[in-house]
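Student: Quick one: the structure is below, questions incoming.
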Amino acid sequence: MTIRSRLKGLWGASRLRTVCCVLALGAFTWWYFCLPDPLFNTPLATEILSAEGELLSAKIADDGQWRMPAADSISPKLLTAVVNYEDRSFYRHWGISIAGVVRALRDNWRAGEVVSGGSTITMQVARMARGNQARTLVQKMLEGAWATRLELRYDKARILEFWLANAPFGGNVVGVEAATRRYYGRSPAELSWAEAATLAVLPNSPALIHPGRARDALREKRDRLLDDLVTAGALSAAAAHLAKLEPLPEAPHPLPRKAVHLLERLRQENGADRYQTSIEYGLQETVMRLVTQHQRLQAGNQVHNVAAMVTEVASGSVVAYAGNVPDLAPAFAPDVDLITAPRSPGSLLKPVLFALALENGVLGPKELLADVPTNFNDFQPANFYRDYDGAVPADEALARSLNIPFVFLLRKYGVPSFHAALRQYGFRQLTQPPDHYGLSLILGGGEITMEEINGWFLGLARQQRYYYQRQGWYQPADFAGPTLLQHQRRAPLEELSRNPGPIGAGAGYLTLETLTALSRPDETGTSHRFQSHRKIAWKTGTSFGFRDAWAVGCTPDYVVSVWTGNADGEGRAGLVGVKAAAPLLFQIFRTLENRPSDAPTWFEPPYDDLLAVRSCKLSGLLAGPDCPADTSWQTTNAERNAACPYHQRVFTNPTRTYQIRQDCGEGELTAVNWFTLPPRQAHFYQRRHPDYVRLPPFHPDCQARNNQGEDHPLQLIFPYERGVLSPVKNWEGQEEPFFFELAHQRKNATVYWHLDDEYLTATTAFHSVSLSIPSGKHRLTVVDDQGFRLEHSFEVKRTLKID
């Protein structure tokens, strides 16, 4: 052989080796990177568990399969049964079992057909991950390659977990979690030997698990596996005999639907998964039952939707979540989660304003607030049952949910400041600037959710309950809103701060104390009294047009919130908080009374954040020099408030029928500290307080003030200021006439009414007229029987509605 030919042969061998090395490197590279990440990317069902681990609700995967996330805990019996049945050498091989392949070839040769594939559990996992493609020789080789790579990447426990989570168990049931829930109604951690054996043989022949189909074949497979487990020493013969007596599963169990709105919410927010919530299983069942019963009572008034939420104060967690009435007809929007749906709050925000005003020292708990007919530019608020007190203590105005006093209070506190505080407290639906809402914000002019108002009461309750344990410190997370998942529970004594936020413990305590009265008026003023063995701070709300009825309350243990109405916004007469929501609130609280608790029966006063203040007994303001004084607990900023302007020192004759001066009048000067309200307030105040005595007029001998001054015998109550009047609509949306009212110093005086120089009517003692007035400029003239005269010009404007 020549040198040339020898070199040529060496070159060819070298090239062949190079090609082989490249191919080997390519094969290794493919093998090393062949596994996808994640290994399985199929859509999952969603399931939510209670705090105790019980299944509350589940929703099928997007591909129509009951394929649930991998089980957190699996019975060792099931693991033993699966390995014994599918792959006895599972813990000894590296993905491929040579003995298994040889045995499969032998069995298939003897049967004359394919009766065994020789696949290990790891190879089956590879086949499932590859989409269960046709069983060809090429696919089998690819599965073997994947199996060896799986063994290198994952440990045996993880590979077995993949198998259990993705194996077919009949019909559209995939994975052992779904199988045990559907066939046995419990988790895979709680299986008997018979149940474990049944599930272990199913993936080999999943069609066997069907009511009325091949039941004997399934039983035979199960019993044979039980015998094999006896042989393997996994269980005794006696245990196997008892296991064989257990029946096979029948039709799949319907999965529970006890918190479908919470499930859908978690799925939309976080994706399909298994969620262990903070919901307590038994309490959830009870609340759902009460919600259903309450809706049946409301259905007679064509009210179809009810929602309720219970939050535990100690953990800050939701323990019952009824987003809507279960199994409603489709026409009534059963899928709407009314816990997260924005709705008008009606009066629910009044406690927030009350507490903020107390905290900032612009209000005393019993400070008199004006309650008279009032027009704020184009905004004309009215009390719910069309009555007025003239002046009313702030705490009473809150307990009775009077509208006009709180509009005055909001004007004093400031809409921008109130809006900013609400946003800080998590009322996220208030997306517009403060000017968009104006003073109507306190009467439901914005929108909130049940979860938001529940969270505010929860923050207040946690702040009060743990004030002394925290040694006067605060937890900012108190007002972060209730949590939904078990791992999110908040320890009450961690991550504390000196900063209380917008409302401190003192203002919070005074607010909750104010809300504890058990009697509340409805839309007609009729009082409704509720029964409770425990002290509850609670508030109702009713939106304009009778569209939303609310009730929210708290104890040191729980916060409960209730909403009743129609999801589509249709209003119904009589749909008010005290009648349509409060009864359910108290039913739920009575259910909670019997639960064990280490909470105090009520909140302890936070004296370190309160101040003993000398205040006026009648006005509730800081006591002036002429006030009858009392001492009351108020917030530490209370001294910023104003002194009482309503008590003045005057001089009268001995019978107190006239004011006199040293230079005029009859009789001896008598000094009197007189409680005097502004005329418009005094007019209504005297109706409810017969002991109120107006300041007497000056004696005729004294120099009279001008005819239009403070001592003029006629004072218009409404309209009070000159300007534009707009007609208001009642709670049913109908335009109401204008209501003109006048106060006269003489009880039996007769007053003659004229509009635009045309005589209308005469009134005696009670001076009020109701008029429907066209748009335009007008002049009202009133003259009494002694010739005293008042004139008042105004303009009526109506807003046109464009369809």
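Chain labels follow the order of the structure tokens: the first chain is A, the next B, and so on; residue numbering restarts at 1 in every chain, and ligands are counted from 1 in their shown order.
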Extract the full set of alpha helix (DSSP H) residues from range 59-262 of chain A according to DSSP on the backbone, and format it as a PyMOL selection string.

Tutor: chain A and resi 76-86+98-111+121-129+137-153+156-166+176-184+193-201+215-231+237-244+260-262

Student: What's the 8 Å shell around Thr514 in chain A, counting only C-alpha atoms, without same-chain residues fewer than 2 positions away, as a VMD selection string?

Tutor: chain A and resid 395 to 396 398 to 399 510 to 512 516 to 517 537

Student: Check the DSSP output for the backbone and give back, as a list in words, the residues of range 279-396 of chain A in strand (DSSP E).

Tutor: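 Answer for range 279-396 of chain A, restricted to strand (DSSP E): Asn305, Val306, Ala307, Ala308, Met309, Val310, Thr311, Glu312, Ser317, Val318, Val319, Ala320, Tyr321, Ala322, Leu368, Leu369, Ala370, Asp371, Gly390, Ala391, Val392 and Pro393 of chain A.
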
Student: Within 7 Å of Phe169 in chain A, counting only C-alpha atoms, which residues qualify if same-chain residues fewer than 4 places away don't, as a list in words?

Tutor: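 Here the answer would be Val173, Val174, Gly175, Ala179, Leu202, Pro203 and Pro206 of chain A.
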
Student: Quick one: distance from CA of Gly185 in chain A to CA of Pro249 in chain A in Å, one decimal?

Tutor: 10.2 Å

Student: Report as a ChimeraX atom specification all protein, DNA and RNA residues lying within 12 Å of Pro330 in chain A, evaluated on only C-alpha atoms, omitting residues in the same chain fewer than 4 positions from it.

Tutor: /A:304-305,325-326,334-336,567

Student: Now that the selection is made, can you save its residues with N, CA and C atoms as a short mmCIF file (atom, residue, chain, number, x, y, z; two decimals), in the first residue's frame?

Tutor:
data_model
loop_
_atom_site.label_atom_id
_atom_site.label_comp_id
_atom_site.auth_asym_id
_atom_site.auth_seq_id
_atom_site.Cartn_x
_atom_site.Cartn_y
_atom_site.Cartn_z
N HIS A 304 -83.79 40.76 44.60
CA HIS A 304 -83.32 39.42 44.26
C HIS A 304 -81.89 39.11 44.70
N ASN A 305 -81.12 40.09 45.09
CA ASN A 305 -79.72 39.84 45.39
C ASN A 305 -79.37 40.23 46.82
N VAL A 325 -76.52 35.40 46.15
CA VAL A 325 -77.39 34.28 46.51
C VAL A 325 -77.10 33.12 45.58
N PRO A 326 -76.89 31.90 46.09
CA PRO A 326 -76.60 30.76 45.21
C PRO A 326 -77.83 30.34 44.40
N PRO A 334 -76.77 36.12 38.81
CA PRO A 334 -76.20 35.34 39.92
C PRO A 334 -74.69 35.34 39.95
N ASP A 335 -74.04 35.66 38.83
CA ASP A 335 -72.58 35.60 38.78
C ASP A 335 -71.91 36.87 39.29
N VAL A 336 -72.66 37.92 39.53
CA VAL A 336 -72.07 39.18 40.00
C VAL A 336 -71.64 39.03 41.46
N ALA A 567 -78.87 43.56 41.55
CA ALA A 567 -77.57 43.76 40.94
C ALA A 567 -77.63 44.69 39.74
#

Student: Using only C-alpha atoms, which residues sit within 12 Å of Val751 in chain A once same-chain residues fewer than 4 positions away are excluded, as number ranges by chain?

Tutor: A: 713-716, 741-747, 759-769, 781-790

Student: Could you list, as a PyMOL selection string, every residue within 8 Å of range 283-296 of chain A, counting only C-alpha atoms and ignoring same-chain residues fewer than 4 positions away?

Tutor: chain A and resi 258-259+279+300+303-308+319-322+325-326+584+587-588

Student: State, in Å with one decimal place, the distance from CA of Trp550 in chain A to CA of Leu349 in chain A.

Tutor: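 That distance, rounded to one decimal, is 11.4 Å.
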
Student: Point out the residue among A:Arg465, A:Arg489, A:Pro583, A:Cys616 with the least atom-to-atom distance to Asp557 in chain A, counting only C-alpha atoms.

Tutor: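 Under the stated criterion, the closest residue is A:Arg465.
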
Student: Within 12 Å of Asn360 in chain A, counting only C-alpha atoms, which residues qualify if same-chain residues fewer than 3 places away don't, as a PDB file with all heavy atoms, in the first residue's frame?

Tutor:
ATOM      1  N   LEU A 353     -66.533  60.294  58.518  1.00  0.00           N
ATOM      2  CA  LEU A 353     -66.441  61.748  58.684  1.00  0.00           C
ATOM      3  C   LEU A 353     -66.520  62.128  60.158  1.00  0.00           C
ATOM      4  O   LEU A 353     -65.787  63.015  60.620  1.00  0.00           O
ATOM      5  CB  LEU A 353     -67.567  62.431  57.904  1.00  0.00           C
ATOM      6  CG  LEU A 353     -67.640  63.955  58.034  1.00  0.00           C
ATOM      7  CD1 LEU A 353     -66.345  64.602  57.566  1.00  0.00           C
ATOM      8  CD2 LEU A 353     -68.833  64.497  57.260  1.00  0.00           C
ATOM      9  N   PHE A 354     -67.399  61.487  60.903  1.00  0.00           N
ATOM     10  CA  PHE A 354     -67.539  61.759  62.336  1.00  0.00           C
ATOM     11  C   PHE A 354     -66.211  61.539  63.050  1.00  0.00           C
ATOM     12  O   PHE A 354     -65.748  62.391  63.822  1.00  0.00           O
ATOM     13  CB  PHE A 354     -68.622  60.829  62.899  1.00  0.00           C
ATOM     14  CG  PHE A 354     -68.941  61.044  64.354  1.00  0.00           C
ATOM     15  CD1 PHE A 354     -69.838  62.019  64.744  1.00  0.00           C
ATOM     16  CD2 PHE A 354     -68.369  60.246  65.333  1.00  0.00           C
ATOM     17  CE1 PHE A 354     -70.158  62.209  66.089  1.00  0.00           C
ATOM     18  CE2 PHE A 354     -68.670  60.419  66.681  1.00  0.00           C
ATOM     19  CZ  PHE A 354     -69.568  61.404  67.056  1.00  0.00           C
ATOM     20  N   ALA A 355     -65.562  60.399  62.781  1.00  0.00           N
ATOM     21  CA  ALA A 355     -64.289  60.096  63.442  1.00  0.00           C
ATOM     22  C   ALA A 355     -63.187  61.064  63.012  1.00  0.00           C
ATOM     23  O   ALA A 355     -62.376  61.503  63.835  1.00  0.00           O
ATOM     24  CB  ALA A 355     -63.884  58.653  63.135  1.00  0.00           C
ATOM     25  N   LEU A 356     -63.135  61.392  61.721  1.00  0.00           N
ATOM     26  CA  LEU A 356     -62.118  62.335  61.244  1.00  0.00           C
ATOM     27  C   LEU A 356     -62.289  63.707  61.887  1.00  0.00           C
ATOM     28  O   LEU A 356     -61.313  64.348  62.291  1.00  0.00           O
ATOM     29  CB  LEU A 356     -62.207  62.451  59.721  1.00  0.00           C
ATOM     30  CG  LEU A 356     -61.737  61.248  58.900  1.00  0.00           C
ATOM     31  CD1 LEU A 356     -62.166  61.393  57.454  1.00  0.00           C
ATOM     32  CD2 LEU A 356     -60.225  61.079  58.993  1.00  0.00           C
ATOM     33  N   ALA A 357     -63.545  64.171  61.991  1.00  0.00           N
ATOM     34  CA  ALA A 357     -63.792  65.480  62.589  1.00  0.00           C
ATOM     35  C   ALA A 357     -63.433  65.482  64.074  1.00  0.00           C
ATOM     36  O   ALA A 357     -62.878  66.463  64.587  1.00  0.00           O
ATOM     37  CB  ALA A 357     -65.259  65.871  62.395  1.00  0.00           C
ATOM     38  N   LEU A 363     -64.870  68.951  65.847  1.00  0.00           N
ATOM     39  CA  LEU A 363     -66.184  68.493  66.288  1.00  0.00           C
ATOM     40  C   LEU A 363     -66.070  67.888  67.674  1.00  0.00           C
ATOM     41  O   LEU A 363     -65.112  67.168  67.963  1.00  0.00           O
ATOM     42  CB  LEU A 363     -66.731  67.445  65.315  1.00  0.00           C
ATOM     43  CG  LEU A 363     -68.103  66.845  65.653  1.00  0.00           C
ATOM     44  CD1 LEU A 363     -69.207  67.863  65.409  1.00  0.00           C
ATOM     45  CD2 LEU A 363     -68.361  65.572  64.845  1.00  0.00           C
ATOM     46  N   GLY A 364     -67.042  68.177  68.514  1.00  0.00           N
ATOM     47  CA  GLY A 364     -67.184  67.477  69.781  1.00  0.00           C
ATOM     48  C   GLY A 364     -68.237  66.394  69.633  1.00  0.00           C
ATOM     49  O   GLY A 364     -69.159  66.532  68.826  1.00  0.00           O
ATOM     50  N   LYS A 412     -67.762  72.007  56.867  1.00  0.00           N
ATOM     51  CA  LYS A 412     -66.827  72.522  57.872  1.00  0.00           C
ATOM     52  C   LYS A 412     -65.483  71.791  57.803  1.00  0.00           C
ATOM     53  O   LYS A 412     -64.415  72.420  57.879  1.00  0.00           O
ATOM     54  CB  LYS A 412     -67.447  72.357  59.256  1.00  0.00           C
ATOM     55  CG  LYS A 412     -66.587  72.861  60.408  1.00  0.00           C
ATOM     56  CD  LYS A 412     -67.314  72.661  61.734  1.00  0.00           C
ATOM     57  CE  LYS A 412     -66.479  73.160  62.910  1.00  0.00           C
ATOM     58  NZ  LYS A 412     -67.177  72.930  64.211  1.00  0.00           N
ATOM     59  N   TYR A 413     -65.527  70.458  57.628  1.00  0.00           N
ATOM     60  CA  TYR A 413     -64.286  69.675  57.600  1.00  0.00           C
ATOM     61  C   TYR A 413     -63.533  69.855  56.288  1.00  0.00           C
ATOM     62  O   TYR A 413     -62.297  69.902  56.274  1.00  0.00           O
ATOM     63  CB  TYR A 413     -64.613  68.198  57.814  1.00  0.00           C
ATOM     64  CG  TYR A 413     -63.394  67.309  57.898  1.00  0.00           C
ATOM     65  CD1 TYR A 413     -62.652  67.221  59.070  1.00  0.00           C
ATOM     66  CD2 TYR A 413     -62.975  66.573  56.791  1.00  0.00           C
ATOM     67  CE1 TYR A 413     -61.520  66.426  59.136  1.00  0.00           C
ATOM     68  CE2 TYR A 413     -61.850  65.769  56.852  1.00  0.00           C
ATOM     69  CZ  TYR A 413     -61.130  65.694  58.023  1.00  0.00           C
ATOM     70  OH  TYR A 413     -60.018  64.898  58.078  1.00  0.00           O
ATOM     71  N   GLY A 414     -64.267  69.935  55.189  1.00  0.00           N
ATOM     72  CA  GLY A 414     -63.649  70.122  53.880  1.00  0.00           C
ATOM     73  C   GLY A 414     -63.727  68.873  53.018  1.00  0.00           C
ATOM     74  O   GLY A 414     -63.277  67.797  53.435  1.00  0.00           O
ATOM     75  N   SER A 417     -60.222  67.274  52.095  1.00  0.00           N
ATOM     76  CA  SER A 417     -59.609  66.523  53.201  1.00  0.00           C
ATOM     77  C   SER A 417     -60.318  65.192  53.412  1.00  0.00           C
ATOM     78  O   SER A 417     -59.676  64.161  53.662  1.00  0.00           O
ATOM     79  CB  SER A 417     -59.660  67.353  54.488  1.00  0.00           C
ATOM     80  OG  SER A 417     -58.930  68.551  54.345  1.00  0.00           O
ATOM     81  N   PHE A 418     -61.632  65.201  53.328  1.00  0.00           N
ATOM     82  CA  PHE A 418     -62.404  63.970  53.495  1.00  0.00           C
ATOM     83  C   PHE A 418     -62.096  62.992  52.366  1.00  0.00           C
ATOM     84  O   PHE A 418     -61.885  61.795  52.598  1.00  0.00           O
ATOM     85  CB  PHE A 418     -63.895  64.315  53.515  1.00  0.00           C
ATOM     86  CG  PHE A 418     -64.798  63.147  53.787  1.00  0.00           C
ATOM     87  CD1 PHE A 418     -64.562  62.284  54.850  1.00  0.00           C
ATOM     88  CD2 PHE A 418     -65.909  62.914  52.989  1.00  0.00           C
ATOM     89  CE1 PHE A 418     -65.404  61.211  55.111  1.00  0.00           C
ATOM     90  CE2 PHE A 418     -66.757  61.850  53.236  1.00  0.00           C
ATOM     91  CZ  PHE A 418     -66.496  61.000  54.293  1.00  0.00           C
ATOM     92  N   GLY A 501     -52.299  57.266  61.731  1.00  0.00           N
ATOM     93  CA  GLY A 501     -53.019  57.522  60.502  1.00  0.00           C
ATOM     94  C   GLY A 501     -54.051  58.612  60.724  1.00  0.00           C
ATOM     95  O   GLY A 501     -54.001  59.359  61.709  1.00  0.00           O
ATOM     96  N   PRO A 502     -55.028  58.744  59.830  1.00  0.00           N
ATOM     97  CA  PRO A 502     -55.997  59.847  59.947  1.00  0.00           C
ATOM     98  C   PRO A 502     -56.845  59.805  61.210  1.00  0.00           C
ATOM     99  O   PRO A 502     -57.310  60.847  61.666  1.00  0.00           O
ATOM    100  CB  PRO A 502     -56.876  59.678  58.691  1.00  0.00           C
ATOM    101  CG  PRO A 502     -56.026  58.916  57.734  1.00  0.00           C
ATOM    102  CD  PRO A 502     -55.192  58.006  58.573  1.00  0.00           C
ATOM    103  N   ILE A 503     -57.067  58.615  61.795  1.00  0.00           N
ATOM    104  CA  ILE A 503     -57.946  58.490  62.950  1.00  0.00           C
ATOM    105  C   ILE A 503     -57.206  57.751  64.058  1.00  0.00           C
ATOM    106  O   ILE A 503     -56.731  56.632  63.862  1.00  0.00           O
ATOM    107  CB  ILE A 503     -59.242  57.734  62.591  1.00  0.00           C
ATOM    108  CG1 ILE A 503     -60.019  58.507  61.518  1.00  0.00           C
ATOM    109  CG2 ILE A 503     -60.118  57.527  63.819  1.00  0.00           C
ATOM    110  CD1 ILE A 503     -61.201  57.744  60.954  1.00  0.00           C
ATOM    111  N   GLY A 504     -57.119  58.353  65.222  1.00  0.00           N
ATOM    112  CA  GLY A 504     -56.485  57.721  66.363  1.00  0.00           C
ATOM    113  C   GLY A 504     -57.472  56.900  67.168  1.00  0.00           C
ATOM    114  O   GLY A 504     -58.678  56.874  66.907  1.00  0.00           O
ATOM    115  N   GLY A 506     -58.625  57.295  70.210  1.00  0.00           N
ATOM    116  CA  GLY A 506     -59.657  58.036  70.934  1.00  0.00           C
ATOM    117  C   GLY A 506     -60.857  58.334  70.058  1.00  0.00           C
ATOM    118  O   GLY A 506     -62.013  58.082  70.442  1.00  0.00           O
ATOM    119  N   ALA A 507     -60.619  58.884  68.868  1.00  0.00           N
ATOM    120  CA  ALA A 507     -61.717  59.189  67.954  1.00  0.00           C
ATOM    121  C   ALA A 507     -62.420  57.911  67.507  1.00  0.00           C
ATOM    122  O   ALA A 507     -63.655  57.881  67.370  1.00  0.00           O
ATOM    123  CB  ALA A 507     -61.193  59.959  66.747  1.00  0.00           C
ATOM    124  N   GLN A 634     -63.087  63.555  75.372  1.00  0.00           N
ATOM    125  CA  GLN A 634     -62.988  63.873  73.954  1.00  0.00           C
ATOM    126  C   GLN A 634     -61.574  63.575  73.479  1.00  0.00           C
ATOM    127  O   GLN A 634     -60.709  63.174  74.258  1.00  0.00           O
ATOM    128  CB  GLN A 634     -63.363  65.338  73.707  1.00  0.00           C
ATOM    129  CG  GLN A 634     -64.797  65.683  74.132  1.00  0.00           C
ATOM    130  CD  GLN A 634     -65.233  67.050  73.668  1.00  0.00           C
ATOM    131  OE1 GLN A 634     -64.779  67.547  72.631  1.00  0.00           O
ATOM    132  NE2 GLN A 634     -66.137  67.676  74.429  1.00  0.00           N
ATOM    133  N   THR A 635     -61.333  63.765  72.197  1.00  0.00           N
ATOM    134  CA  THR A 635     -60.008  63.473  71.654  1.00  0.00           C
ATOM    135  C   THR A 635     -58.999  64.501  72.146  1.00  0.00           C
ATOM    136  O   THR A 635     -59.359  65.586  72.613  1.00  0.00           O
ATOM    137  CB  THR A 635     -60.035  63.488  70.111  1.00  0.00           C
ATOM    138  OG1 THR A 635     -60.364  64.801  69.658  1.00  0.00           O
ATOM    139  CG2 THR A 635     -61.073  62.499  69.592  1.00  0.00           C
ATOM    140  N   THR A 636     -57.739  64.167  72.026  1.00  0.00           N
ATOM    141  CA  THR A 636     -56.679  65.046  72.530  1.00  0.00           C
ATOM    142  C   THR A 636     -56.593  66.362  71.755  1.00  0.00           C
ATOM    143  O   THR A 636     -55.953  67.308  72.207  1.00  0.00           O
ATOM    144  CB  THR A 636     -55.325  64.328  72.462  1.00  0.00           C
ATOM    145  OG1 THR A 636     -55.112  63.844  71.127  1.00  0.00           O
ATOM    146  CG2 THR A 636     -55.289  63.149  73.430  1.00  0.00           C
ATOM    147  N   ASN A 637     -57.220  66.425  70.574  1.00  0.00           N
ATOM    148  CA  ASN A 637     -57.238  67.672  69.806  1.00  0.00           C
ATOM    149  C   ASN A 637     -58.509  68.479  70.037  1.00  0.00           C
ATOM    150  O   ASN A 637     -58.748  69.470  69.330  1.00  0.00           O
ATOM    151  CB  ASN A 637     -57.109  67.366  68.303  1.00  0.00           C
ATOM    152  CG  ASN A 637     -55.747  66.812  67.952  1.00  0.00           C
ATOM    153  OD1 ASN A 637     -54.742  67.214  68.523  1.00  0.00           O
ATOM    154  ND2 ASN A 637     -55.714  65.872  67.013  1.00  0.00           N
ATOM    155  N   ALA A 638     -59.329  68.087  71.008  1.00  0.00           N
ATOM    156  CA  ALA A 638     -60.627  68.732  71.209  1.00  0.00           C
ATOM    157  C   ALA A 638     -60.490  70.209  71.545  1.00  0.00           C
ATOM    158  O   ALA A 638     -61.390  71.004  71.240  1.00  0.00           O
ATOM    159  CB  ALA A 638     -61.400  68.013  72.307  1.00  0.00           C
ATOM    160  N   GLU A 639     -59.387  70.611  72.163  1.00  0.00           N
ATOM    161  CA  GLU A 639     -59.241  72.006  72.570  1.00  0.00           C
ATOM    162  C   GLU A 639     -59.026  72.941  71.384  1.00  0.00           C
ATOM    163  O   GLU A 639     -58.999  74.154  71.550  1.00  0.00           O
ATOM    164  CB  GLU A 639     -58.105  72.134  73.575  1.00  0.00           C
ATOM    165  CG  GLU A 639     -58.432  71.447  74.905  1.00  0.00           C
ATOM    166  CD  GLU A 639     -57.331  71.608  75.931  1.00  0.00           C
ATOM    167  OE1 GLU A 639     -56.203  71.945  75.523  1.00  0.00           O
ATOM    168  OE2 GLU A 639     -57.607  71.402  77.127  1.00  0.00           O
ATOM    169  N   ARG A 640     -58.875  72.361  70.186  1.00  0.00           N
ATOM    170  CA  ARG A 640     -58.815  73.205  68.992  1.00  0.00           C
ATOM    171  C   ARG A 640     -60.199  73.738  68.626  1.00  0.00           C
ATOM    172  O   ARG A 640     -60.321  74.696  67.865  1.00  0.00           O
ATOM    173  CB  ARG A 640     -58.286  72.400  67.789  1.00  0.00           C
ATOM    174  CG  ARG A 640     -56.886  71.860  67.930  1.00  0.00           C
ATOM    175  CD  ARG A 640     -56.537  71.057  66.681  1.00  0.00           C
ATOM    176  NE  ARG A 640     -55.239  70.436  66.740  1.00  0.00           N
ATOM    177  CZ  ARG A 640     -54.756  69.610  65.807  1.00  0.00           C
ATOM    178  NH1 ARG A 640     -55.495  69.332  64.739  1.00  0.00           N
ATOM    179  NH2 ARG A 640     -53.562  69.075  65.943  1.00  0.00           N
ATOM    180  N   ASN A 641     -61.244  73.108  69.131  1.00  0.00           N
ATOM    181  CA  ASN A 641     -62.602  73.463  68.756  1.00  0.00           C
ATOM    182  C   ASN A 641     -62.987  74.841  69.314  1.00  0.00           C
ATOM    183  O   ASN A 641     -62.319  75.387  70.206  1.00  0.00           O
ATOM    184  CB  ASN A 641     -63.577  72.390  69.251  1.00  0.00           C
ATOM    185  CG  ASN A 641     -64.856  72.344  68.428  1.00  0.00           C
ATOM    186  OD1 ASN A 641     -65.048  73.156  67.531  1.00  0.00           O
ATOM    187  ND2 ASN A 641     -65.707  71.389  68.734  1.00  0.00           N
TER     188      ASN A 641
END

Student: When you draw a straight line from CA of Cys702 in chain A to CA of Cys664 in chain A, how long is it in Å?

Tutor: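 Answer for the CA of Cys702 in chain A to CA of Cys664 in chain A separation: 5.0 Å.
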
Student: Of the candidates A:Ile536, A:Ala581, A:Ala157, A:Ile74, which shows the shortest atom-to-atom distance to Glu593 in chain A, using only C-alpha atoms?

Tutor: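 For Glu593 in chain A, the nearest of the given residues is A:Ile536.
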
Student: Pick the closest to Arg67 in chain A from A:Glu54, A:Glu47, A:Asp371, A:Glu195: which is it, counting only C-alpha atoms?

Tutor: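 Looking at the shortest contact to Arg67 in chain A, the residue is A:Glu47.
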
Student: Nearest to Phe479 in chain A: which of A:Gly53, A:Pro492, A:Gly444, A:Gly459 is it, counting only C-alpha atoms?

Tutor: A:Gly459

Student: My list of candidates is A:Gly481, A:Pro381, A:Pro625, A:Gly445. Which is closest to Ser726 in chain A when distances are computed with only C-alpha atoms?

Tutor: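 Closest candidate: A:Pro381.
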